[in-house]
>>> print(open('entry25.txt').read())   # compact mmCIF, N, CA and C atoms
# COMPACT_ATOMS: atom_id res chain seq x y z
N MET A 27 66.29 114.70 129.79
CA MET A 27 67.69 115.07 129.95
C MET A 27 68.19 114.72 131.35
N ASP A 28 67.34 114.93 132.39
CA ASP A 28 67.75 114.58 133.75
C ASP A 28 67.98 113.08 133.88
N ASP A 29 67.16 112.25 133.19
CA ASP A 29 67.35 110.81 133.25
C ASP A 29 68.71 110.42 132.69
N ARG A 30 69.11 111.08 131.59
CA ARG A 30 70.41 110.79 130.99
C ARG A 30 71.52 111.17 131.96
N ARG A 31 71.40 112.33 132.62
CA ARG A 31 72.42 112.75 133.59
C ARG A 31 72.47 111.80 134.77
N ASP A 32 71.28 111.37 135.24
CA ASP A 32 71.25 110.41 136.35
C ASP A 32 71.94 109.11 135.96
N ASP A 33 71.70 108.63 134.72
CA ASP A 33 72.35 107.41 134.25
C ASP A 33 73.86 107.61 134.18
N GLU A 34 74.30 108.76 133.68
CA GLU A 34 75.73 109.05 133.60
C GLU A 34 76.34 109.09 135.01
N ARG A 35 75.62 109.69 135.95
CA ARG A 35 76.11 109.78 137.32
C ARG A 35 76.23 108.38 137.95
N ARG A 36 75.20 107.54 137.72
CA ARG A 36 75.25 106.17 138.25
C ARG A 36 76.43 105.41 137.66
N THR A 37 76.65 105.56 136.36
CA THR A 37 77.76 104.89 135.69
C THR A 37 79.09 105.36 136.27
N GLU A 38 79.21 106.67 136.46
CA GLU A 38 80.44 107.23 137.04
C GLU A 38 80.68 106.70 138.45
N LEU A 39 79.64 106.69 139.27
CA LEU A 39 79.79 106.21 140.65
C LEU A 39 80.10 104.72 140.69
N THR A 40 79.47 103.96 139.81
CA THR A 40 79.75 102.52 139.77
C THR A 40 81.20 102.27 139.37
N SER A 41 81.69 103.02 138.38
CA SER A 41 83.09 102.87 137.95
C SER A 41 84.05 103.21 139.08
N ARG A 42 83.77 104.32 139.77
CA ARG A 42 84.63 104.72 140.89
C ARG A 42 84.55 103.69 142.01
N SER A 43 83.36 103.14 142.22
CA SER A 43 83.17 102.14 143.26
C SER A 43 83.99 100.89 142.95
N GLU A 44 83.92 100.43 141.70
CA GLU A 44 84.66 99.24 141.31
C GLU A 44 86.17 99.46 141.40
N ALA A 45 86.62 100.68 141.06
CA ALA A 45 88.06 100.97 141.08
C ALA A 45 88.61 101.07 142.50
N THR A 46 87.77 101.53 143.44
CA THR A 46 88.27 101.76 144.80
C THR A 46 87.77 100.76 145.83
N GLY A 47 86.72 100.03 145.48
CA GLY A 47 86.12 99.11 146.43
C GLY A 47 85.17 99.79 147.41
N ALA A 48 84.95 101.10 147.23
CA ALA A 48 84.05 101.84 148.11
C ALA A 48 82.63 101.79 147.58
N GLU A 49 81.68 102.04 148.47
CA GLU A 49 80.28 102.11 148.05
C GLU A 49 80.06 103.41 147.28
N PRO A 50 79.19 103.42 146.25
CA PRO A 50 78.95 104.65 145.49
C PRO A 50 78.51 105.82 146.37
N SER A 51 77.75 105.56 147.43
CA SER A 51 77.27 106.66 148.28
C SER A 51 78.42 107.36 149.00
N GLU A 52 79.58 106.71 149.12
CA GLU A 52 80.70 107.33 149.81
C GLU A 52 81.31 108.49 149.03
N PHE A 53 80.98 108.62 147.75
CA PHE A 53 81.57 109.69 146.95
C PHE A 53 80.83 111.00 147.08
N PHE A 54 79.81 111.05 147.92
CA PHE A 54 79.06 112.29 148.09
C PHE A 54 79.69 113.21 149.12
N TYR A 55 80.79 112.82 149.73
CA TYR A 55 81.41 113.62 150.77
C TYR A 55 82.90 113.78 150.62
N HIS A 56 83.42 114.88 151.20
CA HIS A 56 84.86 115.12 151.22
C HIS A 56 85.55 114.02 152.00
N ASP A 57 85.09 113.79 153.22
CA ASP A 57 85.74 112.85 154.13
C ASP A 57 84.69 111.85 154.60
N THR A 58 84.67 110.69 153.98
CA THR A 58 83.62 109.72 154.27
C THR A 58 83.84 109.01 155.60
N SER A 59 85.00 109.17 156.21
CA SER A 59 85.22 108.51 157.49
C SER A 59 84.60 109.30 158.64
N ASN A 60 84.20 110.53 158.38
CA ASN A 60 83.65 111.40 159.41
C ASN A 60 82.14 111.51 159.22
N HIS A 61 81.40 110.44 159.54
CA HIS A 61 79.96 110.44 159.35
C HIS A 61 79.26 110.96 160.58
N THR A 62 78.89 112.23 160.56
CA THR A 62 78.09 112.81 161.63
C THR A 62 76.64 112.82 161.14
N PRO A 63 75.67 113.02 162.03
CA PRO A 63 74.28 113.08 161.57
C PRO A 63 74.07 114.11 160.45
N ALA A 64 74.72 115.29 160.55
CA ALA A 64 74.57 116.31 159.51
C ALA A 64 75.11 115.81 158.18
N ARG A 65 76.27 115.14 158.21
CA ARG A 65 76.84 114.63 156.96
C ARG A 65 75.98 113.52 156.39
N GLU A 66 75.43 112.67 157.23
CA GLU A 66 74.57 111.60 156.73
C GLU A 66 73.32 112.19 156.10
N GLU A 67 72.76 113.22 156.72
CA GLU A 67 71.58 113.88 156.16
C GLU A 67 71.92 114.50 154.81
N ASN A 68 73.06 115.18 154.71
CA ASN A 68 73.47 115.78 153.44
C ASN A 68 73.73 114.71 152.40
N SER A 69 74.26 113.56 152.81
CA SER A 69 74.50 112.48 151.87
C SER A 69 73.19 111.99 151.26
N ILE A 70 72.16 111.89 152.09
CA ILE A 70 70.84 111.50 151.59
C ILE A 70 70.35 112.54 150.59
N CYS A 71 70.52 113.82 150.92
CA CYS A 71 70.10 114.88 150.00
C CYS A 71 70.81 114.74 148.66
N GLY A 72 72.11 114.53 148.68
CA GLY A 72 72.89 114.42 147.46
C GLY A 72 72.54 113.20 146.65
N ALA A 73 72.15 112.14 147.31
CA ALA A 73 71.82 110.91 146.60
C ALA A 73 70.43 110.95 146.00
N HIS A 74 69.52 111.69 146.61
CA HIS A 74 68.12 111.63 146.21
C HIS A 74 67.52 112.92 145.69
N HIS A 75 68.21 114.03 145.81
CA HIS A 75 67.63 115.30 145.39
C HIS A 75 68.69 116.17 144.74
N LYS A 76 68.54 116.43 143.46
CA LYS A 76 69.44 117.29 142.69
C LYS A 76 70.91 116.95 142.93
N PRO A 77 71.33 115.74 142.57
CA PRO A 77 72.71 115.33 142.86
C PRO A 77 73.76 116.23 142.19
N HIS A 78 73.46 116.77 141.02
CA HIS A 78 74.45 117.62 140.34
C HIS A 78 74.63 118.94 141.09
N LEU A 79 73.53 119.51 141.57
CA LEU A 79 73.63 120.73 142.36
C LEU A 79 74.37 120.43 143.67
N HIS A 80 74.07 119.31 144.28
CA HIS A 80 74.74 118.92 145.52
C HIS A 80 76.25 118.81 145.30
N ASP A 81 76.65 118.18 144.19
CA ASP A 81 78.08 118.05 143.89
C ASP A 81 78.73 119.42 143.71
N LEU A 82 78.03 120.32 143.02
CA LEU A 82 78.57 121.67 142.81
C LEU A 82 78.72 122.39 144.15
N LEU A 83 77.68 122.35 144.98
CA LEU A 83 77.76 123.01 146.28
C LEU A 83 78.85 122.40 147.15
N ARG A 84 79.00 121.07 147.10
CA ARG A 84 80.06 120.42 147.87
C ARG A 84 81.43 120.89 147.40
N SER A 85 81.59 121.06 146.09
CA SER A 85 82.90 121.44 145.55
C SER A 85 83.35 122.82 146.01
N ILE A 86 82.39 123.67 146.38
CA ILE A 86 82.74 125.01 146.87
C ILE A 86 82.41 125.16 148.36
N HIS A 87 82.27 124.02 149.03
CA HIS A 87 82.05 123.95 150.48
C HIS A 87 80.80 124.70 150.94
N LEU A 88 79.74 124.63 150.13
CA LEU A 88 78.46 125.23 150.50
C LEU A 88 77.38 124.16 150.67
N ASP A 89 77.78 122.93 150.91
CA ASP A 89 76.82 121.84 151.08
C ASP A 89 76.38 121.75 152.54
N VAL A 90 75.74 122.81 153.00
CA VAL A 90 75.24 122.87 154.36
C VAL A 90 73.75 123.19 154.32
N HIS A 91 73.09 122.91 155.42
CA HIS A 91 71.67 123.26 155.56
C HIS A 91 71.57 124.44 156.51
N TYR A 92 71.10 125.57 156.00
CA TYR A 92 70.92 126.75 156.85
C TYR A 92 69.61 126.57 157.60
N HIS A 93 69.68 126.58 158.92
CA HIS A 93 68.50 126.30 159.72
C HIS A 93 67.77 127.55 160.15
N ARG A 94 68.41 128.73 160.00
CA ARG A 94 67.71 129.98 160.29
C ARG A 94 68.42 131.12 159.59
N ALA A 95 67.71 132.26 159.51
CA ALA A 95 68.27 133.43 158.85
C ALA A 95 67.69 134.68 159.50
N GLN A 96 68.50 135.73 159.55
CA GLN A 96 68.03 137.00 160.10
C GLN A 96 68.87 138.11 159.49
N GLY A 97 68.20 139.14 158.99
CA GLY A 97 68.91 140.25 158.36
C GLY A 97 69.72 139.76 157.17
N ASP A 98 71.02 140.05 157.19
CA ASP A 98 71.87 139.59 156.08
C ASP A 98 72.73 138.40 156.46
N GLN A 99 72.30 137.66 157.48
CA GLN A 99 73.04 136.48 157.95
C GLN A 99 72.19 135.21 157.81
N VAL A 100 72.84 134.11 157.49
CA VAL A 100 72.22 132.78 157.54
C VAL A 100 73.07 131.94 158.49
N TYR A 101 72.46 130.89 159.05
CA TYR A 101 73.14 130.11 160.10
C TYR A 101 72.99 128.62 159.83
N TYR A 102 74.05 127.87 160.09
CA TYR A 102 74.00 126.42 160.02
C TYR A 102 74.74 125.84 161.22
N LEU A 103 74.50 124.56 161.47
CA LEU A 103 75.18 123.88 162.57
C LEU A 103 76.32 123.05 161.99
N ASP A 104 77.52 123.20 162.56
CA ASP A 104 78.65 122.40 162.09
C ASP A 104 78.58 120.99 162.68
N GLU A 105 79.60 120.18 162.40
CA GLU A 105 79.62 118.79 162.85
C GLU A 105 79.57 118.64 164.36
N LEU A 106 79.99 119.68 165.09
CA LEU A 106 79.98 119.63 166.55
C LEU A 106 78.72 120.26 167.15
N GLY A 107 77.80 120.69 166.27
CA GLY A 107 76.56 121.29 166.73
C GLY A 107 76.66 122.78 167.02
N ARG A 108 77.81 123.39 166.70
CA ARG A 108 77.98 124.82 166.92
C ARG A 108 77.29 125.59 165.79
N GLU A 109 76.63 126.69 166.15
CA GLU A 109 75.98 127.52 165.14
C GLU A 109 77.02 128.40 164.45
N ILE A 110 77.05 128.34 163.13
CA ILE A 110 78.00 129.12 162.34
C ILE A 110 77.22 130.20 161.59
N GLU A 111 77.66 131.44 161.74
CA GLU A 111 77.03 132.58 161.09
C GLU A 111 77.72 132.84 159.75
N VAL A 112 76.94 133.06 158.69
CA VAL A 112 77.49 133.30 157.36
C VAL A 112 76.81 134.54 156.77
N LEU A 113 77.60 135.44 156.23
CA LEU A 113 77.06 136.60 155.53
C LEU A 113 76.43 136.14 154.23
N ASP A 114 75.14 136.42 154.04
CA ASP A 114 74.41 135.97 152.85
C ASP A 114 74.53 137.01 151.74
N LEU A 115 75.35 136.69 150.77
CA LEU A 115 75.50 137.57 149.61
C LEU A 115 74.91 136.93 148.35
N ILE A 116 74.16 135.85 148.51
CA ILE A 116 73.66 135.09 147.36
C ILE A 116 72.26 135.49 146.95
N GLY A 117 71.32 135.61 147.91
CA GLY A 117 69.90 135.84 147.62
C GLY A 117 69.67 136.92 146.59
N GLY A 118 69.56 138.14 147.04
CA GLY A 118 69.48 139.30 146.15
C GLY A 118 68.28 139.37 145.24
N TYR A 119 67.17 138.75 145.59
CA TYR A 119 65.97 138.89 144.77
C TYR A 119 64.75 138.92 145.67
N GLY A 120 63.68 139.48 145.16
CA GLY A 120 62.44 139.53 145.92
C GLY A 120 62.61 140.25 147.24
N THR A 121 61.93 139.76 148.26
CA THR A 121 61.97 140.42 149.57
C THR A 121 63.32 140.29 150.24
N LEU A 122 64.18 139.37 149.76
CA LEU A 122 65.49 139.22 150.40
C LEU A 122 66.39 140.43 150.18
N LEU A 123 66.01 141.31 149.25
CA LEU A 123 66.77 142.55 149.11
C LEU A 123 66.74 143.35 150.41
N PHE A 124 65.72 143.11 151.24
CA PHE A 124 65.58 143.82 152.51
C PHE A 124 66.13 143.01 153.67
N GLY A 125 66.67 141.83 153.40
CA GLY A 125 67.20 140.97 154.45
C GLY A 125 66.19 139.92 154.86
N HIS A 126 66.68 138.89 155.50
CA HIS A 126 65.81 137.82 155.98
C HIS A 126 65.01 138.32 157.18
N GLY A 127 63.72 138.10 157.15
CA GLY A 127 62.87 138.43 158.29
C GLY A 127 62.77 139.92 158.57
N HIS A 128 62.79 140.75 157.53
CA HIS A 128 62.68 142.20 157.73
C HIS A 128 61.40 142.48 158.54
N PRO A 129 61.49 143.24 159.64
CA PRO A 129 60.34 143.41 160.54
C PRO A 129 59.08 143.95 159.86
N GLU A 130 59.21 144.96 159.01
CA GLU A 130 58.02 145.52 158.36
C GLU A 130 57.39 144.53 157.40
N LEU A 131 58.22 143.80 156.64
CA LEU A 131 57.68 142.81 155.71
C LEU A 131 57.06 141.63 156.46
N THR A 132 57.70 141.22 157.55
CA THR A 132 57.16 140.13 158.37
C THR A 132 55.81 140.52 158.96
N ASN A 133 55.73 141.74 159.51
CA ASN A 133 54.46 142.21 160.08
C ASN A 133 53.37 142.28 159.01
N GLU A 134 53.71 142.75 157.82
CA GLU A 134 52.72 142.82 156.74
C GLU A 134 52.27 141.43 156.32
N ALA A 135 53.20 140.49 156.24
CA ALA A 135 52.83 139.11 155.89
C ALA A 135 51.90 138.51 156.95
N ILE A 136 52.21 138.75 158.21
CA ILE A 136 51.35 138.25 159.30
C ILE A 136 49.97 138.89 159.20
N ARG A 137 49.92 140.20 158.98
CA ARG A 137 48.63 140.89 158.85
C ARG A 137 47.83 140.31 157.70
N TYR A 138 48.48 140.14 156.56
CA TYR A 138 47.78 139.64 155.37
C TYR A 138 47.29 138.20 155.60
N LEU A 139 48.15 137.34 156.09
CA LEU A 139 47.75 135.94 156.31
C LEU A 139 46.68 135.81 157.39
N SER A 140 46.71 136.70 158.37
CA SER A 140 45.71 136.67 159.43
C SER A 140 44.35 137.19 158.97
N SER A 141 44.31 137.86 157.83
CA SER A 141 43.05 138.41 157.32
C SER A 141 42.20 137.37 156.61
N PHE A 142 42.74 136.17 156.42
CA PHE A 142 42.05 135.07 155.74
C PHE A 142 41.62 135.45 154.33
N THR A 143 42.39 136.33 153.70
CA THR A 143 42.13 136.69 152.31
C THR A 143 42.39 135.48 151.43
N CYS A 144 41.50 135.26 150.49
CA CYS A 144 41.67 134.15 149.55
C CYS A 144 42.66 134.61 148.48
N SER A 145 43.88 134.07 148.51
CA SER A 145 44.92 134.59 147.63
C SER A 145 45.32 133.63 146.51
N HIS A 146 45.00 132.35 146.62
CA HIS A 146 45.44 131.38 145.62
C HIS A 146 44.29 130.52 145.13
N ALA A 147 43.17 131.12 144.84
CA ALA A 147 42.03 130.37 144.34
C ALA A 147 42.11 130.33 142.82
N GLN A 148 42.57 129.22 142.29
CA GLN A 148 42.63 129.08 140.84
C GLN A 148 41.22 128.97 140.31
N GLY A 149 41.01 129.39 139.10
CA GLY A 149 39.69 129.34 138.50
C GLY A 149 38.77 130.42 139.04
N SER A 150 39.34 131.56 139.42
CA SER A 150 38.54 132.68 139.89
C SER A 150 39.15 133.97 139.35
N ILE A 151 38.41 135.05 139.52
CA ILE A 151 38.88 136.36 139.08
C ILE A 151 39.68 136.99 140.21
N SER A 152 40.84 137.52 139.89
CA SER A 152 41.69 138.14 140.90
C SER A 152 41.62 139.66 140.75
N ARG A 153 40.90 140.29 141.66
CA ARG A 153 40.77 141.75 141.60
C ARG A 153 42.10 142.44 141.86
N LEU A 154 42.91 141.88 142.76
CA LEU A 154 44.21 142.50 143.04
C LEU A 154 45.13 142.44 141.83
N ALA A 155 45.15 141.30 141.14
CA ALA A 155 45.98 141.18 139.93
C ALA A 155 45.48 142.14 138.85
N ALA A 156 44.18 142.28 138.74
CA ALA A 156 43.60 143.20 137.75
C ALA A 156 43.97 144.64 138.10
N SER A 157 43.92 145.00 139.38
CA SER A 157 44.30 146.35 139.80
C SER A 157 45.77 146.62 139.50
N LEU A 158 46.61 145.64 139.76
CA LEU A 158 48.04 145.78 139.48
C LEU A 158 48.27 145.95 137.98
N ALA A 159 47.62 145.13 137.16
CA ALA A 159 47.77 145.24 135.70
C ALA A 159 47.30 146.60 135.20
N ALA A 160 46.20 147.09 135.76
CA ALA A 160 45.68 148.40 135.36
C ALA A 160 46.68 149.50 135.72
N GLU A 161 47.25 149.44 136.92
CA GLU A 161 48.22 150.45 137.34
C GLU A 161 49.50 150.39 136.50
N LEU A 162 49.97 149.18 136.21
CA LEU A 162 51.15 149.04 135.35
C LEU A 162 50.87 149.57 133.95
N SER A 163 49.69 149.28 133.45
CA SER A 163 49.30 149.78 132.12
C SER A 163 49.27 151.30 132.11
N ARG A 164 48.70 151.89 133.16
CA ARG A 164 48.63 153.35 133.25
C ARG A 164 50.02 153.95 133.28
N ARG A 165 50.91 153.39 134.11
CA ARG A 165 52.26 153.95 134.25
C ARG A 165 53.11 153.74 133.00
N ALA A 166 52.95 152.61 132.34
CA ALA A 166 53.75 152.33 131.14
C ALA A 166 53.09 152.84 129.87
N GLU A 167 51.89 153.39 130.01
CA GLU A 167 51.11 153.83 128.86
C GLU A 167 51.00 152.73 127.82
N ALA A 168 50.70 151.53 128.32
CA ALA A 168 50.51 150.33 127.48
C ALA A 168 49.46 149.47 128.15
N ILE A 169 49.10 148.41 127.48
CA ILE A 169 48.10 147.49 128.02
C ILE A 169 48.80 146.22 128.47
N PHE A 170 48.64 145.85 129.75
CA PHE A 170 49.18 144.60 130.28
C PHE A 170 48.01 143.66 130.53
N VAL A 171 48.08 142.48 129.96
CA VAL A 171 47.02 141.49 130.17
C VAL A 171 47.59 140.23 130.78
>>> encode(input="entry25.txt", output="structure tokens")
Amino acid sequence: MDDRRDDERRTELTSRSEATGAEPSEFFYHDTSNHTPAREENSICGAHHKPHLHDLLRSIHLDVHYHRAQGDQVYYLDELGREIEVLDLIGGYGTLLFGHGHPELTNEAIRYLSSFTCSHAQGSISRLAASLAAELSRRAEAIFV
């Protein structure tokens, strides 16, 4: 299905290119005359990685790269290199419910990673996963496998 969408996108860009005389890559931006390094980087992203998502994000002016995050804020650099702070209301899952870089979660992650615990060994028995399944089974009064 993605190949079909890519073919449709190429056809659309080629048609627009022929009609306007512009290069197909120029359609990845609002204002193609303002090529800053950030815009050129985003253009590469749109051309080579999830072009449909890139188009959607561009249409709602969210086609930026957030270079850092803290608490409930994310940050990106504008065309002039100024850091722009944005309230992050999108995440809302997993540890982000506590904000980006929550101190207690960060400290626990550092502690865990520093312990050299083997956490992703495929083809082995996971005692922690078994303990979690047992506890969930006990609480739900059911068997989780």
>>> atom_distance(input="entry25.txt", atom1="atom CA of Asp98 of chain A", atom2="atom CA of Val112 of chain A")
8.5 Å
>>> atom_distance(input="entry25.txt", atom1="atom N of Glu109 of chain A", atom2="atom C of Leu88 of chain A")
15.7 Å
>>> residues_around(input="entry25.txt", residues="Asp104 of chain A", least_positions_apart="4", cutoff="9 Å", atoms="only C-alpha atoms", output="PyMOL selection string")
chain A and resi 64+90+108-110
>>> atom_distance(input="entry25.txt", atom1="atom CA of Leu82 of chain A", atom2="atom CA of Gly125 of chain A")
25.2 Å
>>> select_by_dssp(input="entry25.txt", residues="segment 70-170 of chain A", states="strand (DSSP E or B)", output="ChimeraX atom specification")
/A:92-97,99-103,109-113,126
>>> closest_residue(input="entry25.txt", among="A:Thr143, A:Leu103, A:Gly97, A:Gln148", to="Leu122 of chain A", atoms="only N, CA and C atoms")
A:Gly97
>>> select_by_dssp(input="entry25.txt", residues="segment 103-161 of chain A", states="alpha helix (DSSP H)", output="number ranges by chain")
A: 129-140, 153-161
>>> axis_aligned_box(input="entry25.txt", around="segment 127-131 of chain A", padding_each_side="6 Å", output="lines of an AutoDock Vina configuration file")
center_x = 60.4
center_y = 141.8
center_z = 158.1
size_x = 18.7
size_y = 19.4
size_z = 16.8
>>> residues_around(input="entry25.txt", residues="Tyr92 of chain A", least_positions_apart="5", cutoff="7 Å", atoms="only N, CA and C atoms", output="VMD selection string")
chain A and resid 100 to 103
